[in-house]
Each structure stands twice: as structure tokens, then as C-alpha cells.
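Asks: Have a peek at entry20.pdb (PDB, N, CA and C atoms).
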```pdb
ATOM      1  N   MET A   1      22.718  43.215 -21.504
ATOM      2  CA  MET A   1      22.448  42.874 -20.126
ATOM      3  C   MET A   1      20.954  42.784 -19.927
ATOM      4  N   ARG A   2      20.552  41.764 -19.240
ATOM      5  CA  ARG A   2      19.143  41.594 -18.868
ATOM      6  C   ARG A   2      19.059  41.486 -17.355
ATOM      7  N   ILE A   3      18.064  42.153 -16.773
ATOM      8  CA  ILE A   3      17.845  42.067 -15.330
ATOM      9  C   ILE A   3      16.439  41.538 -15.100
ATOM     10  N   HIS A   4      16.340  40.513 -14.271
ATOM     11  CA  HIS A   4      15.058  39.928 -13.900
ATOM     12  C   HIS A   4      14.899  40.047 -12.386
ATOM     13  N   VAL A   5      13.672  40.185 -11.940
ATOM     14  CA  VAL A   5      13.383  40.135 -10.504
ATOM     15  C   VAL A   5      12.700  38.798 -10.254
ATOM     16  N   VAL A   6      13.283  37.998  -9.378
ATOM     17  CA  VAL A   6      12.743  36.678  -9.072
ATOM     18  C   VAL A   6      12.325  36.625  -7.608
ATOM     19  N   ASP A   7      11.338  35.805  -7.334
ATOM     20  CA  ASP A   7      10.892  35.563  -5.967
ATOM     21  C   ASP A   7      11.568  34.284  -5.482
ATOM     22  N   ALA A   8      12.564  34.429  -4.630
ATOM     23  CA  ALA A   8      13.308  33.283  -4.119
ATOM     24  C   ALA A   8      12.662  32.728  -2.853
ATOM     25  N   PHE A   9      12.891  31.451  -2.613
ATOM     26  CA  PHE A   9      12.444  30.769  -1.393
ATOM     27  C   PHE A   9      10.919  30.729  -1.274
ATOM     28  N   THR A  10      10.244  30.525  -2.386
ATOM     29  CA  THR A  10       8.786  30.419  -2.354
ATOM     30  C   THR A  10       8.306  29.600  -3.540
ATOM     31  N   ASP A  11       7.091  29.106  -3.449
ATOM     32  CA  ASP A  11       6.471  28.426  -4.584
ATOM     33  C   ASP A  11       5.245  29.198  -5.084
ATOM     34  N   ARG A  12       5.099  30.462  -4.626
ATOM     35  CA  ARG A  12       3.975  31.305  -5.028
ATOM     36  C   ARG A  12       4.485  32.630  -5.582
ATOM     37  N   PRO A  13       3.798  33.185  -6.571
ATOM     38  CA  PRO A  13       4.178  34.510  -7.074
ATOM     39  C   PRO A  13       3.983  35.587  -5.993
ATOM     40  N   PHE A  14       4.807  36.598  -6.032
ATOM     41  CA  PHE A  14       4.717  37.762  -5.145
ATOM     42  C   PHE A  14       4.873  37.396  -3.673
ATOM     43  N   ALA A  15       5.658  36.366  -3.400
ATOM     44  CA  ALA A  15       5.943  35.942  -2.033
ATOM     45  C   ALA A  15       7.456  35.701  -1.952
ATOM     46  N   GLY A  16       7.928  35.326  -0.813
ATOM     47  CA  GLY A  16       9.342  35.011  -0.670
ATOM     48  C   GLY A  16      10.222  36.245  -0.624
ATOM     49  N   ASN A  17      11.420  36.092  -1.114
ATOM     50  CA  ASN A  17      12.422  37.144  -1.051
ATOM     51  C   ASN A  17      12.738  37.628  -2.465
ATOM     52  N   PRO A  18      12.325  38.841  -2.848
ATOM     53  CA  PRO A  18      12.636  39.307  -4.197
ATOM     54  C   PRO A  18      14.130  39.599  -4.337
ATOM     55  N   ALA A  19      14.681  39.160  -5.448
ATOM     56  CA  ALA A  19      16.094  39.404  -5.742
ATOM     57  C   ALA A  19      16.227  39.750  -7.215
ATOM     58  N   ALA A  20      17.149  40.630  -7.511
ATOM     59  CA  ALA A  20      17.443  40.961  -8.902
ATOM     60  C   ALA A  20      18.501  39.991  -9.412
ATOM     61  N   VAL A  21      18.347  39.553 -10.666
ATOM     62  CA  VAL A  21      19.319  38.679 -11.308
ATOM     63  C   VAL A  21      19.708  39.336 -12.625
ATOM     64  N   CYS A  22      20.979  39.663 -12.754
ATOM     65  CA  CYS A  22      21.505  40.318 -13.942
ATOM     66  C   CYS A  22      22.270  39.285 -14.763
ATOM     67  N   LEU A  23      21.744  38.959 -15.957
ATOM     68  CA  LEU A  23      22.390  37.997 -16.841
ATOM     69  C   LEU A  23      23.369  38.738 -17.739
ATOM     70  N   LEU A  24      24.644  38.429 -17.596
ATOM     71  CA  LEU A  24      25.695  39.112 -18.334
ATOM     72  C   LEU A  24      26.056  38.337 -19.598
ATOM     73  N   ALA A  25      26.647  39.022 -20.541
ATOM     74  CA  ALA A  25      27.168  38.370 -21.736
ATOM     75  C   ALA A  25      28.468  37.658 -21.377
ATOM     76  N   ALA A  26      28.795  36.627 -22.141
ATOM     77  CA  ALA A  26      30.031  35.889 -21.909
ATOM     78  C   ALA A  26      31.233  36.821 -22.027
ATOM     79  N   GLY A  27      32.256  36.541 -21.284
ATOM     80  CA  GLY A  27      33.463  37.367 -21.305
ATOM     81  C   GLY A  27      33.976  37.591 -19.905
ATOM     82  N   GLU A  28      34.447  38.793 -19.675
ATOM     83  CA  GLU A  28      35.011  39.155 -18.367
ATOM     84  C   GLU A  28      33.932  39.762 -17.476
ATOM     85  N   TRP A  29      34.180  39.730 -16.163
ATOM     86  CA  TRP A  29      33.288  40.397 -15.219
ATOM     87  C   TRP A  29      33.312  41.904 -15.470
ATOM     88  N   PRO A  30      32.155  42.557 -15.339
ATOM     89  CA  PRO A  30      32.165  44.024 -15.398
ATOM     90  C   PRO A  30      32.927  44.590 -14.195
ATOM     91  N   ASP A  31      33.200  45.858 -14.248
ATOM     92  CA  ASP A  31      33.853  46.556 -13.152
ATOM     93  C   ASP A  31      33.020  46.402 -11.875
ATOM     94  N   GLU A  32      33.682  46.120 -10.754
ATOM     95  CA  GLU A  32      32.962  45.921  -9.497
ATOM     96  C   GLU A  32      32.174  47.159  -9.079
ATOM     97  N   ALA A  33      32.703  48.337  -9.318
ATOM     98  CA  ALA A  33      31.988  49.570  -8.975
ATOM     99  C   ALA A  33      30.679  49.652  -9.756
ATOM    100  N   TRP A  34      30.692  49.234 -11.012
ATOM    101  CA  TRP A  34      29.466  49.229 -11.819
ATOM    102  C   TRP A  34      28.447  48.261 -11.238
ATOM    103  N   MET A  35      28.884  47.053 -10.839
ATOM    104  CA  MET A  35      27.955  46.076 -10.254
ATOM    105  C   MET A  35      27.370  46.612  -8.952
ATOM    106  N   ARG A  36      28.165  47.308  -8.167
ATOM    107  CA  ARG A  36      27.643  47.918  -6.919
ATOM    108  C   ARG A  36      26.590  48.975  -7.234
ATOM    109  N   ARG A  37      26.819  49.772  -8.277
ATOM    110  CA  ARG A  37      25.833  50.801  -8.652
ATOM    111  C   ARG A  37      24.532  50.162  -9.138
ATOM    112  N   VAL A  38      24.630  49.080  -9.903
ATOM    113  CA  VAL A  38      23.426  48.373 -10.362
ATOM    114  C   VAL A  38      22.665  47.825  -9.152
ATOM    115  N   ALA A  39      23.364  47.201  -8.210
ATOM    116  CA  ALA A  39      22.709  46.659  -7.016
ATOM    117  C   ALA A  39      22.031  47.766  -6.216
ATOM    118  N   ALA A  40      22.676  48.913  -6.089
ATOM    119  CA  ALA A  40      22.061  50.038  -5.372
ATOM    120  C   ALA A  40      20.817  50.524  -6.109
ATOM    121  N   GLU A  41      20.878  50.580  -7.432
ATOM    122  CA  GLU A  41      19.732  51.020  -8.227
ATOM    123  C   GLU A  41      18.559  50.048  -8.105
ATOM    124  N   MET A  42      18.842  48.742  -8.103
ATOM    125  CA  MET A  42      17.774  47.740  -7.983
ATOM    126  C   MET A  42      17.139  47.786  -6.600
ATOM    127  N   ASN A  43      17.936  48.077  -5.569
ATOM    128  CA  ASN A  43      17.462  48.260  -4.195
ATOM    129  C   ASN A  43      16.723  47.042  -3.634
ATOM    130  N   HIS A  44      17.114  45.854  -4.048
ATOM    131  CA  HIS A  44      16.608  44.622  -3.437
ATOM    132  C   HIS A  44      17.644  44.171  -2.414
ATOM    133  N   SER A  45      17.249  43.255  -1.546
ATOM    134  CA  SER A  45      18.210  42.811  -0.537
ATOM    135  C   SER A  45      19.422  42.138  -1.185
ATOM    136  N   GLU A  46      19.252  41.510  -2.354
ATOM    137  CA  GLU A  46      20.368  40.931  -3.088
ATOM    138  C   GLU A  46      20.204  41.177  -4.578
ATOM    139  N   THR A  47      21.332  41.357  -5.245
ATOM    140  CA  THR A  47      21.380  41.381  -6.706
ATOM    141  C   THR A  47      22.466  40.401  -7.121
ATOM    142  N   ALA A  48      22.098  39.436  -7.952
ATOM    143  CA  ALA A  48      23.044  38.434  -8.438
ATOM    144  C   ALA A  48      23.465  38.800  -9.852
ATOM    145  N   PHE A  49      24.743  38.652 -10.120
ATOM    146  CA  PHE A  49      25.282  38.839 -11.458
ATOM    147  C   PHE A  49      25.757  37.468 -11.927
ATOM    148  N   ALA A  50      25.182  36.982 -13.023
ATOM    149  CA  ALA A  50      25.494  35.652 -13.540
ATOM    150  C   ALA A  50      26.254  35.783 -14.853
ATOM    151  N   LEU A  51      27.427  35.162 -14.902
ATOM    152  CA  LEU A  51      28.308  35.219 -16.064
ATOM    153  C   LEU A  51      28.438  33.809 -16.639
ATOM    154  N   PRO A  52      28.031  33.590 -17.904
ATOM    155  CA  PRO A  52      28.183  32.249 -18.481
ATOM    156  C   PRO A  52      29.667  31.900 -18.625
ATOM    157  N   LEU A  53      29.997  30.664 -18.295
ATOM    158  CA  LEU A  53      31.378  30.205 -18.385
ATOM    159  C   LEU A  53      31.611  29.507 -19.721
ATOM    160  N   PRO A  54      32.829  29.589 -20.233
ATOM    161  CA  PRO A  54      33.122  28.891 -21.485
ATOM    162  C   PRO A  54      33.099  27.382 -21.272
ATOM    163  N   THR A  55      32.801  26.655 -22.310
ATOM    164  CA  THR A  55      32.808  25.196 -22.207
ATOM    165  C   THR A  55      34.119  24.685 -22.759
ATOM    166  N   PRO A  56      34.694  23.649 -22.273
ATOM    167  CA  PRO A  56      34.186  22.881 -21.133
ATOM    168  C   PRO A  56      34.577  23.533 -19.804
ATOM    169  N   ALA A  57      33.722  23.422 -18.850
ATOM    170  CA  ALA A  57      33.968  23.938 -17.505
ATOM    171  C   ALA A  57      33.224  23.046 -16.518
ATOM    172  N   GLU A  58      33.591  23.151 -15.258
ATOM    173  CA  GLU A  58      32.920  22.337 -14.242
ATOM    174  C   GLU A  58      31.515  22.850 -13.952
ATOM    175  N   ALA A  59      31.247  24.103 -14.303
ATOM    176  CA  ALA A  59      29.934  24.706 -14.074
ATOM    177  C   ALA A  59      29.549  25.502 -15.317
ATOM    178  N   ASP A  60      28.274  25.827 -15.432
ATOM    179  CA  ASP A  60      27.786  26.601 -16.571
ATOM    180  C   ASP A  60      27.853  28.105 -16.327
ATOM    181  N   TRP A  61      27.738  28.522 -15.055
ATOM    182  CA  TRP A  61      27.663  29.939 -14.712
ATOM    183  C   TRP A  61      28.534  30.239 -13.509
ATOM    184  N   ALA A  62      29.062  31.446 -13.458
ATOM    185  CA  ALA A  62      29.702  31.990 -12.256
ATOM    186  C   ALA A  62      28.770  33.083 -11.728
ATOM    187  N   ILE A  63      28.667  33.205 -10.422
ATOM    188  CA  ILE A  63      27.725  34.164  -9.825
ATOM    189  C   ILE A  63      28.441  35.008  -8.783
ATOM    190  N   ARG A  64      28.127  36.291  -8.794
ATOM    191  CA  ARG A  64      28.572  37.210  -7.735
ATOM    192  C   ARG A  64      27.333  37.902  -7.190
ATOM    193  N   TRP A  65      27.279  38.059  -5.861
ATOM    194  CA  TRP A  65      26.144  38.676  -5.178
ATOM    195  C   TRP A  65      26.555  40.030  -4.610
ATOM    196  N   PHE A  66      25.626  41.000  -4.700
ATOM    197  CA  PHE A  66      25.839  42.302  -4.074
ATOM    198  C   PHE A  66      24.545  42.712  -3.385
ATOM    199  N   THR A  67      24.684  43.507  -2.332
ATOM    200  CA  THR A  67      23.524  44.118  -1.676
ATOM    201  C   THR A  67      23.519  45.605  -2.043
ATOM    202  N   PRO A  68      22.459  46.330  -1.710
ATOM    203  CA  PRO A  68      22.439  47.751  -2.056
ATOM    204  C   PRO A  68      23.580  48.545  -1.415
ATOM    205  N   LEU A  69      24.105  48.071  -0.280
ATOM    206  CA  LEU A  69      25.128  48.841   0.437
ATOM    207  C   LEU A  69      26.525  48.270   0.320
ATOM    208  N   VAL A  70      26.669  46.958   0.135
ATOM    209  CA  VAL A  70      28.005  46.327   0.069
ATOM    210  C   VAL A  70      28.063  45.288  -1.025
TER     211      VAL A  70
END
```
Could you spell out this file's structure in C-alpha cells?
Replies:
Amino acid sequence: MRIHVVDAFTDRPFAGNPAAVCLLAAGEWPDEAWMRRVAAEMNHSETAFALPLPTPAEADWAIRWFTPLV
């Protein structure tokens, strides 16, 4: 698992809305309780979990969003 912090909605570093992005390994989604704990630990307004989809698929990634509280 890799977690990156990105600045969304901006074209400048250290501006915009910081969000955590967790890149998951291919396979099944992790347990939802675990994703909630990761989002709470990151403590950003949003944490995205990105799961690569098998090919062929209509999209390359599936994404789920969590906040620190929900």
C-alpha cells in the first residue's frame, strides 16, 4: 500500500485542498473498517482508496472516498 498526499483543485504546490490517496494492490477491496481507520489516521478532509481494475474493463481504477469521521 502506498499513500500520497495531493493538493487538489489547484495549480500551485501547498495550495488547494489536501487529500490522501491510497493506492491499493489489485484484488479485492480491503475491509471497510480498515479504510475508515486509515482515513481517520490521515485526518485530511478526504482519503481516496484507488483499486486497479482487471483488464479488460470500462475503467482502469475503482475509487472509494472516506472522511475522517464517515
Asks: Give me the residues near range 11-22 of chain A as a PyMOL selection string, where near means some atom within 5 Å (using all atoms listed in the file) and where sequence neighbours in that chain fewer than 3 positions away do not count.
Replies: chain A and resi 2-8+46-50
Asks: I need the helix (DSSP H, G or I) residues of chain A per DSSP on the backbone, written as a list in words.
Replies: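 In chain A, DSSP puts these residues in helix (DSSP H, G or I): Glu32, Ala33, Trp34, Met35, Arg36, Arg37, Val38, Ala39, Ala40, Glu41 and Met42 of chain A.
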Asks: Just N, CA and C atoms for this one: save the residues we selected as an mmCIF file, in the coordinates of the input.
Replies:
```
data_model
loop_
_atom_site.group_PDB
_atom_site.id
_atom_site.type_symbol
_atom_site.label_atom_id
_atom_site.label_comp_id
_atom_site.auth_asym_id
_atom_site.auth_seq_id
_atom_site.Cartn_x
_atom_site.Cartn_y
_atom_site.Cartn_z
ATOM 1 N N GLU A 32 33.682 46.120 -10.754
ATOM 2 C CA GLU A 32 32.962 45.921 -9.497
ATOM 3 C C GLU A 32 32.174 47.159 -9.079
ATOM 4 N N ALA A 33 32.703 48.337 -9.318
ATOM 5 C CA ALA A 33 31.988 49.570 -8.975
ATOM 6 C C ALA A 33 30.679 49.652 -9.756
ATOM 7 N N TRP A 34 30.692 49.234 -11.012
ATOM 8 C CA TRP A 34 29.466 49.229 -11.819
ATOM 9 C C TRP A 34 28.447 48.261 -11.238
ATOM 10 N N MET A 35 28.884 47.053 -10.839
ATOM 11 C CA MET A 35 27.955 46.076 -10.254
ATOM 12 C C MET A 35 27.370 46.612 -8.952
ATOM 13 N N ARG A 36 28.165 47.308 -8.167
ATOM 14 C CA ARG A 36 27.643 47.918 -6.919
ATOM 15 C C ARG A 36 26.590 48.975 -7.234
ATOM 16 N N ARG A 37 26.819 49.772 -8.277
ATOM 17 C CA ARG A 37 25.833 50.801 -8.652
ATOM 18 C C ARG A 37 24.532 50.162 -9.138
ATOM 19 N N VAL A 38 24.630 49.080 -9.903
ATOM 20 C CA VAL A 38 23.426 48.373 -10.362
ATOM 21 C C VAL A 38 22.665 47.825 -9.152
ATOM 22 N N ALA A 39 23.364 47.201 -8.210
ATOM 23 C CA ALA A 39 22.709 46.659 -7.016
ATOM 24 C C ALA A 39 22.031 47.766 -6.216
ATOM 25 N N ALA A 40 22.676 48.913 -6.089
ATOM 26 C CA ALA A 40 22.061 50.038 -5.372
ATOM 27 C C ALA A 40 20.817 50.524 -6.109
ATOM 28 N N GLU A 41 20.878 50.580 -7.432
ATOM 29 C CA GLU A 41 19.732 51.020 -8.227
ATOM 30 C C GLU A 41 18.559 50.048 -8.105
ATOM 31 N N MET A 42 18.842 48.742 -8.103
ATOM 32 C CA MET A 42 17.774 47.740 -7.983
ATOM 33 C C MET A 42 17.139 47.786 -6.600
#
```
Asks: Convert the output of the PyMOL selection byres ((chain A and resi 58-67) around 6) on the shown file into explicit residues, formatted as a PDB file with N, CA and C atoms, keeping the file's coordinate frame.
Replies:
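Wrote it out as expr26.pdb, contents follow:
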```pdb
ATOM      1  N   ALA A  39      23.364  47.201  -8.210  1.00  0.00           N
ATOM      2  CA  ALA A  39      22.709  46.659  -7.016  1.00  0.00           C
ATOM      3  C   ALA A  39      22.031  47.766  -6.216  1.00  0.00           C
ATOM      4  N   ALA A  40      22.676  48.913  -6.089  1.00  0.00           N
ATOM      5  CA  ALA A  40      22.061  50.038  -5.372  1.00  0.00           C
ATOM      6  C   ALA A  40      20.817  50.524  -6.109  1.00  0.00           C
ATOM      7  N   HIS A  44      17.114  45.854  -4.048  1.00  0.00           N
ATOM      8  CA  HIS A  44      16.608  44.622  -3.437  1.00  0.00           C
ATOM      9  C   HIS A  44      17.644  44.171  -2.414  1.00  0.00           C
ATOM     10  N   SER A  45      17.249  43.255  -1.546  1.00  0.00           N
ATOM     11  CA  SER A  45      18.210  42.811  -0.537  1.00  0.00           C
ATOM     12  C   SER A  45      19.422  42.138  -1.185  1.00  0.00           C
ATOM     13  N   GLU A  46      19.252  41.510  -2.354  1.00  0.00           N
ATOM     14  CA  GLU A  46      20.368  40.931  -3.088  1.00  0.00           C
ATOM     15  C   GLU A  46      20.204  41.177  -4.578  1.00  0.00           C
ATOM     16  N   THR A  47      21.332  41.357  -5.245  1.00  0.00           N
ATOM     17  CA  THR A  47      21.380  41.381  -6.706  1.00  0.00           C
ATOM     18  C   THR A  47      22.466  40.401  -7.121  1.00  0.00           C
ATOM     19  N   ALA A  48      22.098  39.436  -7.952  1.00  0.00           N
ATOM     20  CA  ALA A  48      23.044  38.434  -8.438  1.00  0.00           C
ATOM     21  C   ALA A  48      23.465  38.800  -9.852  1.00  0.00           C
ATOM     22  N   PHE A  49      24.743  38.652 -10.120  1.00  0.00           N
ATOM     23  CA  PHE A  49      25.282  38.839 -11.458  1.00  0.00           C
ATOM     24  C   PHE A  49      25.757  37.468 -11.927  1.00  0.00           C
ATOM     25  N   ALA A  50      25.182  36.982 -13.023  1.00  0.00           N
ATOM     26  CA  ALA A  50      25.494  35.652 -13.540  1.00  0.00           C
ATOM     27  C   ALA A  50      26.254  35.783 -14.853  1.00  0.00           C
ATOM     28  N   LEU A  51      27.427  35.162 -14.902  1.00  0.00           N
ATOM     29  CA  LEU A  51      28.308  35.219 -16.064  1.00  0.00           C
ATOM     30  C   LEU A  51      28.438  33.809 -16.639  1.00  0.00           C
ATOM     31  N   PRO A  52      28.031  33.590 -17.904  1.00  0.00           N
ATOM     32  CA  PRO A  52      28.183  32.249 -18.481  1.00  0.00           C
ATOM     33  C   PRO A  52      29.667  31.900 -18.625  1.00  0.00           C
ATOM     34  N   LEU A  53      29.997  30.664 -18.295  1.00  0.00           N
ATOM     35  CA  LEU A  53      31.378  30.205 -18.385  1.00  0.00           C
ATOM     36  C   LEU A  53      31.611  29.507 -19.721  1.00  0.00           C
ATOM     37  N   PRO A  56      34.694  23.649 -22.273  1.00  0.00           N
ATOM     38  CA  PRO A  56      34.186  22.881 -21.133  1.00  0.00           C
ATOM     39  C   PRO A  56      34.577  23.533 -19.804  1.00  0.00           C
ATOM     40  N   ALA A  57      33.722  23.422 -18.850  1.00  0.00           N
ATOM     41  CA  ALA A  57      33.968  23.938 -17.505  1.00  0.00           C
ATOM     42  C   ALA A  57      33.224  23.046 -16.518  1.00  0.00           C
ATOM     43  N   PRO A  68      22.459  46.330  -1.710  1.00  0.00           N
ATOM     44  CA  PRO A  68      22.439  47.751  -2.056  1.00  0.00           C
ATOM     45  C   PRO A  68      23.580  48.545  -1.415  1.00  0.00           C
ATOM     46  N   LEU A  69      24.105  48.071  -0.280  1.00  0.00           N
ATOM     47  CA  LEU A  69      25.128  48.841   0.437  1.00  0.00           C
ATOM     48  C   LEU A  69      26.525  48.270   0.320  1.00  0.00           C
ATOM     49  N   VAL A  70      26.669  46.958   0.135  1.00  0.00           N
ATOM     50  CA  VAL A  70      28.005  46.327   0.069  1.00  0.00           C
ATOM     51  C   VAL A  70      28.063  45.288  -1.025  1.00  0.00           C
TER      52      VAL A  70
END
```
Asks: Tell me, in Å to one decimal, how far CA of Thr55 in chain A is from CA of Glu32 in chain A.
Replies: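 Computing the Euclidean distance for CA of Thr55 in chain A and CA of Glu32 in chain A yields 24.3 Å.
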Asks: Have a look at CA of Pro54 in chain A and CA of Glu28 in chain A and let me know their distance in Å, one decimal.
Replies: 10.9 Å
Asks: Let me have the centre and edge lengths in Å, one decimal, of the box along x, y and z around every listed atom of range 43-52 of chain A with 4 Å of margin on each side, as AutoDock Vina command-line options.
Replies:
```
--center_x 23.1 --center_y 40.1 --center_z -9.6 --size_x 21.1 --size_y 24.4 --size_z 26.1
```
Asks: For a test of reading the model, state the distance in Å between CA of Leu23 in chain A and atom N of Met1 in chain A, rounded to one decimal.
Replies: 7.0 Å
Asks: Would you fill out range 21-34 of chain A with N, CA, C and O atoms and return it as a JSON list (two decimals), keeping the file's coordinate frame?
Replies:
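File produced: part-v5.json:
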```json
[["chain", "number", "residue", "atom", "x", "y", "z"],
["A", 21, "VAL", "N", 18.35, 39.55, -10.67],
["A", 21, "VAL", "CA", 19.32, 38.68, -11.31],
["A", 21, "VAL", "C", 19.71, 39.34, -12.62],
["A", 21, "VAL", "O", 18.86, 39.55, -13.49],
["A", 22, "CYS", "N", 20.98, 39.66, -12.75],
["A", 22, "CYS", "CA", 21.50, 40.32, -13.94],
["A", 22, "CYS", "C", 22.27, 39.28, -14.76],
["A", 22, "CYS", "O", 23.30, 38.77, -14.32],
["A", 23, "LEU", "N", 21.74, 38.96, -15.96],
["A", 23, "LEU", "CA", 22.39, 38.00, -16.84],
["A", 23, "LEU", "C", 23.37, 38.74, -17.74],
["A", 23, "LEU", "O", 22.97, 39.57, -18.55],
["A", 24, "LEU", "N", 24.64, 38.43, -17.60],
["A", 24, "LEU", "CA", 25.70, 39.11, -18.33],
["A", 24, "LEU", "C", 26.06, 38.34, -19.60],
["A", 24, "LEU", "O", 25.82, 37.13, -19.69],
["A", 25, "ALA", "N", 26.65, 39.02, -20.54],
["A", 25, "ALA", "CA", 27.17, 38.37, -21.74],
["A", 25, "ALA", "C", 28.47, 37.66, -21.38],
["A", 25, "ALA", "O", 29.16, 38.03, -20.43],
["A", 26, "ALA", "N", 28.80, 36.63, -22.14],
["A", 26, "ALA", "CA", 30.03, 35.89, -21.91],
["A", 26, "ALA", "C", 31.23, 36.82, -22.03],
["A", 26, "ALA", "O", 31.20, 37.80, -22.77],
["A", 27, "GLY", "N", 32.26, 36.54, -21.28],
["A", 27, "GLY", "CA", 33.46, 37.37, -21.30],
["A", 27, "GLY", "C", 33.98, 37.59, -19.90],
["A", 27, "GLY", "O", 33.91, 36.71, -19.05],
["A", 28, "GLU", "N", 34.45, 38.79, -19.68],
["A", 28, "GLU", "CA", 35.01, 39.16, -18.37],
["A", 28, "GLU", "C", 33.93, 39.76, -17.48],
["A", 28, "GLU", "O", 32.91, 40.27, -17.95],
["A", 29, "TRP", "N", 34.18, 39.73, -16.16],
["A", 29, "TRP", "CA", 33.29, 40.40, -15.22],
["A", 29, "TRP", "C", 33.31, 41.90, -15.47],
["A", 29, "TRP", "O", 34.38, 42.46, -15.74],
["A", 30, "PRO", "N", 32.16, 42.56, -15.34],
["A", 30, "PRO", "CA", 32.16, 44.02, -15.40],
["A", 30, "PRO", "C", 32.93, 44.59, -14.20],
["A", 30, "PRO", "O", 33.20, 43.88, -13.22],
["A", 31, "ASP", "N", 33.20, 45.86, -14.25],
["A", 31, "ASP", "CA", 33.85, 46.56, -13.15],
["A", 31, "ASP", "C", 33.02, 46.40, -11.88],
["A", 31, "ASP", "O", 31.79, 46.54, -11.90],
["A", 32, "GLU", "N", 33.68, 46.12, -10.75],
["A", 32, "GLU", "CA", 32.96, 45.92, -9.50],
["A", 32, "GLU", "C", 32.17, 47.16, -9.08],
["A", 32, "GLU", "O", 31.07, 47.05, -8.55],
["A", 33, "ALA", "N", 32.70, 48.34, -9.32],
["A", 33, "ALA", "CA", 31.99, 49.57, -8.98],
["A", 33, "ALA", "C", 30.68, 49.65, -9.76],
["A", 33, "ALA", "O", 29.65, 50.08, -9.21],
["A", 34, "TRP", "N", 30.69, 49.23, -11.01],
["A", 34, "TRP", "CA", 29.47, 49.23, -11.82],
["A", 34, "TRP", "C", 28.45, 48.26, -11.24],
["A", 34, "TRP", "O", 27.26, 48.59, -11.13]]
```
